[in-house]
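Okay, entry04.cif now, which holds mmCIF, C-alpha atoms and all ligand atoms:
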data_entry
#
loop_
_atom_site.group_PDB
_atom_site.id
_atom_site.type_symbol
_atom_site.label_atom_id
_atom_site.label_comp_id
_atom_site.auth_asym_id
_atom_site.auth_seq_id
_atom_site.Cartn_x
_atom_site.Cartn_y
_atom_site.Cartn_z
ATOM 1 C CA MET A 1 216.247 38.081 -4.292
ATOM 2 C CA SER A 2 214.355 41.198 -5.149
ATOM 3 C CA ILE A 3 212.549 41.929 -8.390
ATOM 4 C CA SER A 4 213.869 45.043 -10.058
ATOM 5 C CA PRO A 5 211.372 47.873 -10.577
ATOM 6 C CA ARG A 6 212.304 47.820 -14.242
ATOM 7 C CA LEU A 7 211.276 44.207 -14.617
ATOM 8 C CA THR A 8 208.028 44.881 -12.786
ATOM 9 C CA LEU A 9 207.195 47.706 -15.163
ATOM 10 C CA LEU A 10 207.986 45.529 -18.135
ATOM 11 C CA THR A 11 205.739 42.776 -16.801
ATOM 12 C CA LEU A 12 202.895 45.236 -16.254
ATOM 13 C CA ALA A 13 203.333 46.560 -19.770
ATOM 14 C CA LEU A 14 203.160 43.052 -21.223
ATOM 15 C CA VAL A 15 200.063 42.170 -19.209
ATOM 16 C CA GLY A 16 198.459 45.419 -20.325
ATOM 17 C CA ALA A 17 199.260 44.726 -23.965
ATOM 18 C CA ALA A 18 197.847 41.223 -23.688
ATOM 19 C CA SER A 19 194.528 42.362 -22.243
ATOM 20 C CA PHE A 20 194.339 45.128 -24.790
ATOM 21 C CA SER A 21 194.651 42.718 -27.700
ATOM 22 C CA THR A 22 192.046 40.433 -26.142
ATOM 23 C CA LEU A 23 189.636 43.349 -26.035
ATOM 24 C CA ALA A 24 190.534 44.377 -29.563
ATOM 25 C CA LEU A 25 189.715 40.900 -30.828
ATOM 26 C CA ALA A 26 186.341 40.873 -29.116
ATOM 27 C CA ASP A 27 185.138 44.065 -30.734
ATOM 28 C CA GLY A 28 182.152 42.532 -32.501
ATOM 29 C CA ASP A 29 178.785 44.214 -32.232
ATOM 30 C CA LYS A 30 176.965 43.301 -29.028
ATOM 31 C CA SER A 31 173.577 43.378 -30.678
ATOM 32 C CA TYR A 32 171.803 41.642 -33.529
ATOM 33 C CA PRO A 33 171.798 43.233 -36.970
ATOM 34 C CA SER A 34 168.392 44.339 -38.211
ATOM 35 C CA PHE A 35 166.338 41.838 -40.171
ATOM 36 C CA LYS A 36 166.484 44.105 -43.206
ATOM 37 C CA SER A 37 170.264 44.296 -43.180
ATOM 38 C CA LEU A 38 170.365 40.504 -43.370
ATOM 39 C CA ALA A 39 167.443 39.840 -45.659
ATOM 40 C CA GLY A 40 167.906 42.753 -48.044
ATOM 41 C CA SER A 41 165.013 42.768 -50.490
ATOM 42 C CA SER A 42 164.115 39.198 -49.585
ATOM 43 C CA LYS A 43 161.350 38.510 -47.043
ATOM 44 C CA MET A 44 163.130 35.554 -45.506
ATOM 45 C CA ILE A 45 166.564 34.797 -44.204
ATOM 46 C CA ASP A 46 168.228 31.498 -44.801
ATOM 47 C CA ARG A 47 170.611 29.890 -42.319
ATOM 48 C CA ASP A 48 173.346 29.998 -44.980
ATOM 49 C CA ILE A 49 173.112 33.781 -45.080
ATOM 50 C CA ILE A 50 174.968 33.884 -41.767
ATOM 51 C CA THR A 51 178.550 33.607 -42.946
ATOM 52 C CA PRO A 52 181.562 33.256 -40.636
ATOM 53 C CA ALA A 53 182.406 36.894 -41.440
ATOM 54 C CA LEU A 54 178.946 37.993 -40.296
ATOM 55 C CA GLU A 55 179.250 35.908 -37.149
ATOM 56 C CA LYS A 56 182.500 37.660 -36.417
ATOM 57 C CA LYS A 57 180.875 41.047 -36.871
ATOM 58 C CA TYR A 58 177.788 40.077 -34.885
ATOM 59 C CA PRO A 59 178.804 37.336 -32.411
ATOM 60 C CA LYS A 60 175.171 36.962 -31.364
ATOM 61 C CA LEU A 61 174.331 35.462 -34.740
ATOM 62 C CA GLU A 62 176.340 32.441 -33.743
ATOM 63 C CA GLY A 63 173.761 31.785 -31.032
ATOM 64 C CA LEU A 64 170.922 32.319 -33.466
ATOM 65 C CA LYS A 65 172.442 29.726 -35.778
ATOM 66 C CA SER A 66 172.627 27.128 -33.039
ATOM 67 C CA HIS A 67 169.049 27.913 -31.992
ATOM 68 C CA TRP A 68 167.711 28.191 -35.518
ATOM 69 C CA ASP A 69 165.008 25.542 -35.032
ATOM 70 C CA GLU A 70 163.846 27.321 -31.903
ATOM 71 C CA ALA A 71 163.556 30.629 -33.768
ATOM 72 C CA ASP A 72 161.961 29.003 -36.814
ATOM 73 C CA MET A 73 158.464 28.730 -35.385
ATOM 74 C CA ASP A 74 156.774 27.319 -38.488
ATOM 75 C CA HIS A 75 159.724 25.019 -39.300
ATOM 76 C CA ASP A 76 160.126 25.996 -42.923
ATOM 77 C CA GLY A 77 163.877 26.274 -42.459
ATOM 78 C CA LYS A 78 163.873 30.054 -42.919
ATOM 79 C CA LEU A 79 163.159 32.999 -40.693
ATOM 80 C CA ASN A 80 160.693 35.679 -41.637
ATOM 81 C CA GLN A 81 160.809 39.098 -40.005
ATOM 82 C CA LYS A 82 158.442 38.152 -37.214
ATOM 83 C CA GLU A 83 160.330 34.992 -36.313
ATOM 84 C CA TYR A 84 163.613 36.883 -36.347
ATOM 85 C CA ASP A 85 162.333 39.835 -34.352
ATOM 86 C CA ASP A 86 160.662 37.537 -31.810
ATOM 87 C CA TYR A 87 163.896 35.635 -31.359
ATOM 88 C CA VAL A 88 166.189 38.635 -31.034
ATOM 89 C CA SER A 89 163.832 40.460 -28.661
ATOM 90 C CA VAL A 90 164.399 37.727 -26.074
ATOM 91 C CA THR A 91 167.688 37.665 -24.192
ATOM 92 C CA HIS A 92 169.532 34.440 -24.886
HETATM 93 CA CA CA A 101 160.042 30.076 -40.529
#
Encoded form using structure tokens:
Amino acid sequence: MSISPRLTLLTLALVGAASFSTLALADGDKSYPSFKSLAGSSKMIDRDIITPALEKKYPKLEGLKSHWDEADMDHDGKLNQKEYDDYVSVTH
């Protein structure tokens, strides 16, 4: 039994569409947002500031959230600019 060229083309098209949508879903920013864009006028960022929507936009923030204690050098539960910048300057 031979596979028809038509079917092969259709299969390729489906595979292509599937990988395209996978890429389209993973279009979050590859970097961290700036401290200022998170903190605004505040000098500290709270863990709660990282919403699921933000995590989707900046997937790296998900890692920051799970390593919050590591980034929070003085253990006050919040990150100041130095703590944030120190954390994001290291590749995790
Ligand atoms: Ca802190």
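Of the residues under consideration (A:Glu62, A:Asp86, A:Asp74, A:Asp48), A:Asp74 shows the shortest atom-to-atom contact distance to ligand CA 101 (chain A) when counting all atoms listed in the file.
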Open item on the list: Can you pull out the residues contacting A:Asp76? Cut-off 12 Å, using only C-alpha atoms, and skip same-chain residues under 5 positions away; I want them as JSON, numbers by chain.
Closed with: {"A": [44, 45, 46, 47, 68, 69, 70, 71, 83]}
- [ ] Enumerate residues in contact with ligand CA 101 (chain A): an atom-to-atom distance of at most 7 Å, counting all atoms listed in the file. Format the result as a PyMOL selection string.
- [x] chain A and resi 72-80+83
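Straight-line separation from atom CA of A:Thr51 to atom CA of A:Gln81: 18.8 Å.
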Open item on the list: Translate the PyMOL selection byres (((chain A and resi 58) around 9) and not hetatm) into a concrete residue list for this structure, as a PyMOL selection string.
Closed with: chain A and resi 28-33+53-57+59-62
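Taking atom CA of A:Ser41 and atom CA of A:Lys65 as the two end points, the separation is 21.0 Å.
The space separating atom CA of A:His67 from atom CA of A:Val88 comes to 11.1 Å.
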Quick one: what's the axis-aligned box for stretch 68-74 of chain A, all listed atoms, 5 Å on every side, centre and edges in Å to one decimal, as AutoDock Vina command-line options?
--center_x 162.2 --center_y 28.1 --center_z -35.2 --size_x 20.9 --size_y 15.1 --size_z 16.6
Can stretch 34-64 of chain A be brought up to N, CA and C atoms and written out as a CSV table (one decimal), keeping the file's coordinate frame?
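Listing of selection.csv after writing:
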chain,number,residue,atom,x,y,z
A,34,SER,N,169.8,44.3,-37.9
A,34,SER,CA,168.4,44.3,-38.2
A,34,SER,C,168.0,43.3,-39.2
A,35,PHE,N,166.8,42.9,-39.2
A,35,PHE,CA,166.3,41.8,-40.2
A,35,PHE,C,166.6,42.3,-41.6
A,36,LYS,N,166.3,43.6,-41.9
A,36,LYS,CA,166.5,44.1,-43.2
A,36,LYS,C,167.9,44.0,-43.7
A,37,SER,N,168.9,44.3,-42.8
A,37,SER,CA,170.3,44.3,-43.2
A,37,SER,C,170.7,42.9,-43.5
A,38,LEU,N,170.0,41.9,-43.0
A,38,LEU,CA,170.4,40.5,-43.4
A,38,LEU,C,169.6,40.0,-44.6
A,39,ALA,N,168.3,40.4,-44.6
A,39,ALA,CA,167.4,39.8,-45.7
A,39,ALA,C,167.5,40.6,-47.0
A,40,GLY,N,167.9,41.9,-46.9
A,40,GLY,CA,167.9,42.8,-48.0
A,40,GLY,C,166.5,42.9,-48.6
A,41,SER,N,166.3,42.6,-49.9
A,41,SER,CA,165.0,42.8,-50.5
A,41,SER,C,164.2,41.5,-50.3
A,42,SER,N,164.8,40.5,-49.8
A,42,SER,CA,164.1,39.2,-49.6
A,42,SER,C,163.3,39.3,-48.3
A,43,LYS,N,162.2,38.5,-48.2
A,43,LYS,CA,161.4,38.5,-47.0
A,43,LYS,C,161.7,37.5,-46.0
A,44,MET,N,162.7,36.6,-46.4
A,44,MET,CA,163.1,35.6,-45.5
A,44,MET,C,164.6,35.6,-45.4
A,45,ILE,N,165.1,35.0,-44.3
A,45,ILE,CA,166.6,34.8,-44.2
A,45,ILE,C,166.8,33.3,-44.1
A,46,ASP,N,167.8,32.9,-44.8
A,46,ASP,CA,168.2,31.5,-44.8
A,46,ASP,C,169.4,31.3,-43.8
A,47,ARG,N,169.5,30.1,-43.3
A,47,ARG,CA,170.6,29.9,-42.3
A,47,ARG,C,172.0,30.2,-43.0
A,48,ASP,N,172.1,29.8,-44.3
A,48,ASP,CA,173.3,30.0,-45.0
A,48,ASP,C,173.8,31.5,-45.1
A,49,ILE,N,172.8,32.4,-44.9
A,49,ILE,CA,173.1,33.8,-45.1
A,49,ILE,C,174.1,34.3,-44.0
A,50,ILE,N,174.1,33.5,-42.9
A,50,ILE,CA,175.0,33.9,-41.8
A,50,ILE,C,176.4,33.3,-42.0
A,51,THR,N,177.2,34.0,-42.6
A,51,THR,CA,178.6,33.6,-42.9
A,51,THR,C,179.5,33.8,-41.7
A,52,PRO,N,180.6,33.1,-41.7
A,52,PRO,CA,181.6,33.3,-40.6
A,52,PRO,C,182.0,34.7,-40.5
A,53,ALA,N,182.1,35.5,-41.5
A,53,ALA,CA,182.4,36.9,-41.4
A,53,ALA,C,181.3,37.7,-40.7
A,54,LEU,N,180.1,37.3,-41.0
A,54,LEU,CA,178.9,38.0,-40.3
A,54,LEU,C,178.9,37.6,-38.8
A,55,GLU,N,179.2,36.4,-38.5
A,55,GLU,CA,179.2,35.9,-37.1
A,55,GLU,C,180.3,36.6,-36.4
A,56,LYS,N,181.4,37.0,-37.1
A,56,LYS,CA,182.5,37.7,-36.4
A,56,LYS,C,182.1,39.1,-36.1
A,57,LYS,N,181.3,39.7,-37.0
A,57,LYS,CA,180.9,41.0,-36.9
A,57,LYS,C,179.8,41.1,-35.8
A,58,TYR,N,178.9,40.1,-35.9
A,58,TYR,CA,177.8,40.1,-34.9
A,58,TYR,C,177.8,38.7,-34.2
A,59,PRO,N,178.6,38.6,-33.1
A,59,PRO,CA,178.8,37.3,-32.4
A,59,PRO,C,177.5,36.7,-32.0
A,60,LYS,N,176.5,37.5,-31.8
A,60,LYS,CA,175.2,37.0,-31.4
A,60,LYS,C,174.5,36.1,-32.4
A,61,LEU,N,174.9,36.3,-33.7
A,61,LEU,CA,174.3,35.5,-34.7
A,61,LEU,C,174.7,34.0,-34.6
A,62,GLU,N,175.9,33.8,-34.0
A,62,GLU,CA,176.3,32.4,-33.7
A,62,GLU,C,175.3,31.7,-32.9
A,63,GLY,N,174.8,32.4,-31.9
A,63,GLY,CA,173.8,31.8,-31.0
A,63,GLY,C,172.5,31.6,-31.8
A,64,LEU,N,172.1,32.5,-32.7
A,64,LEU,CA,170.9,32.3,-33.5
A,64,LEU,C,171.0,31.1,-34.3
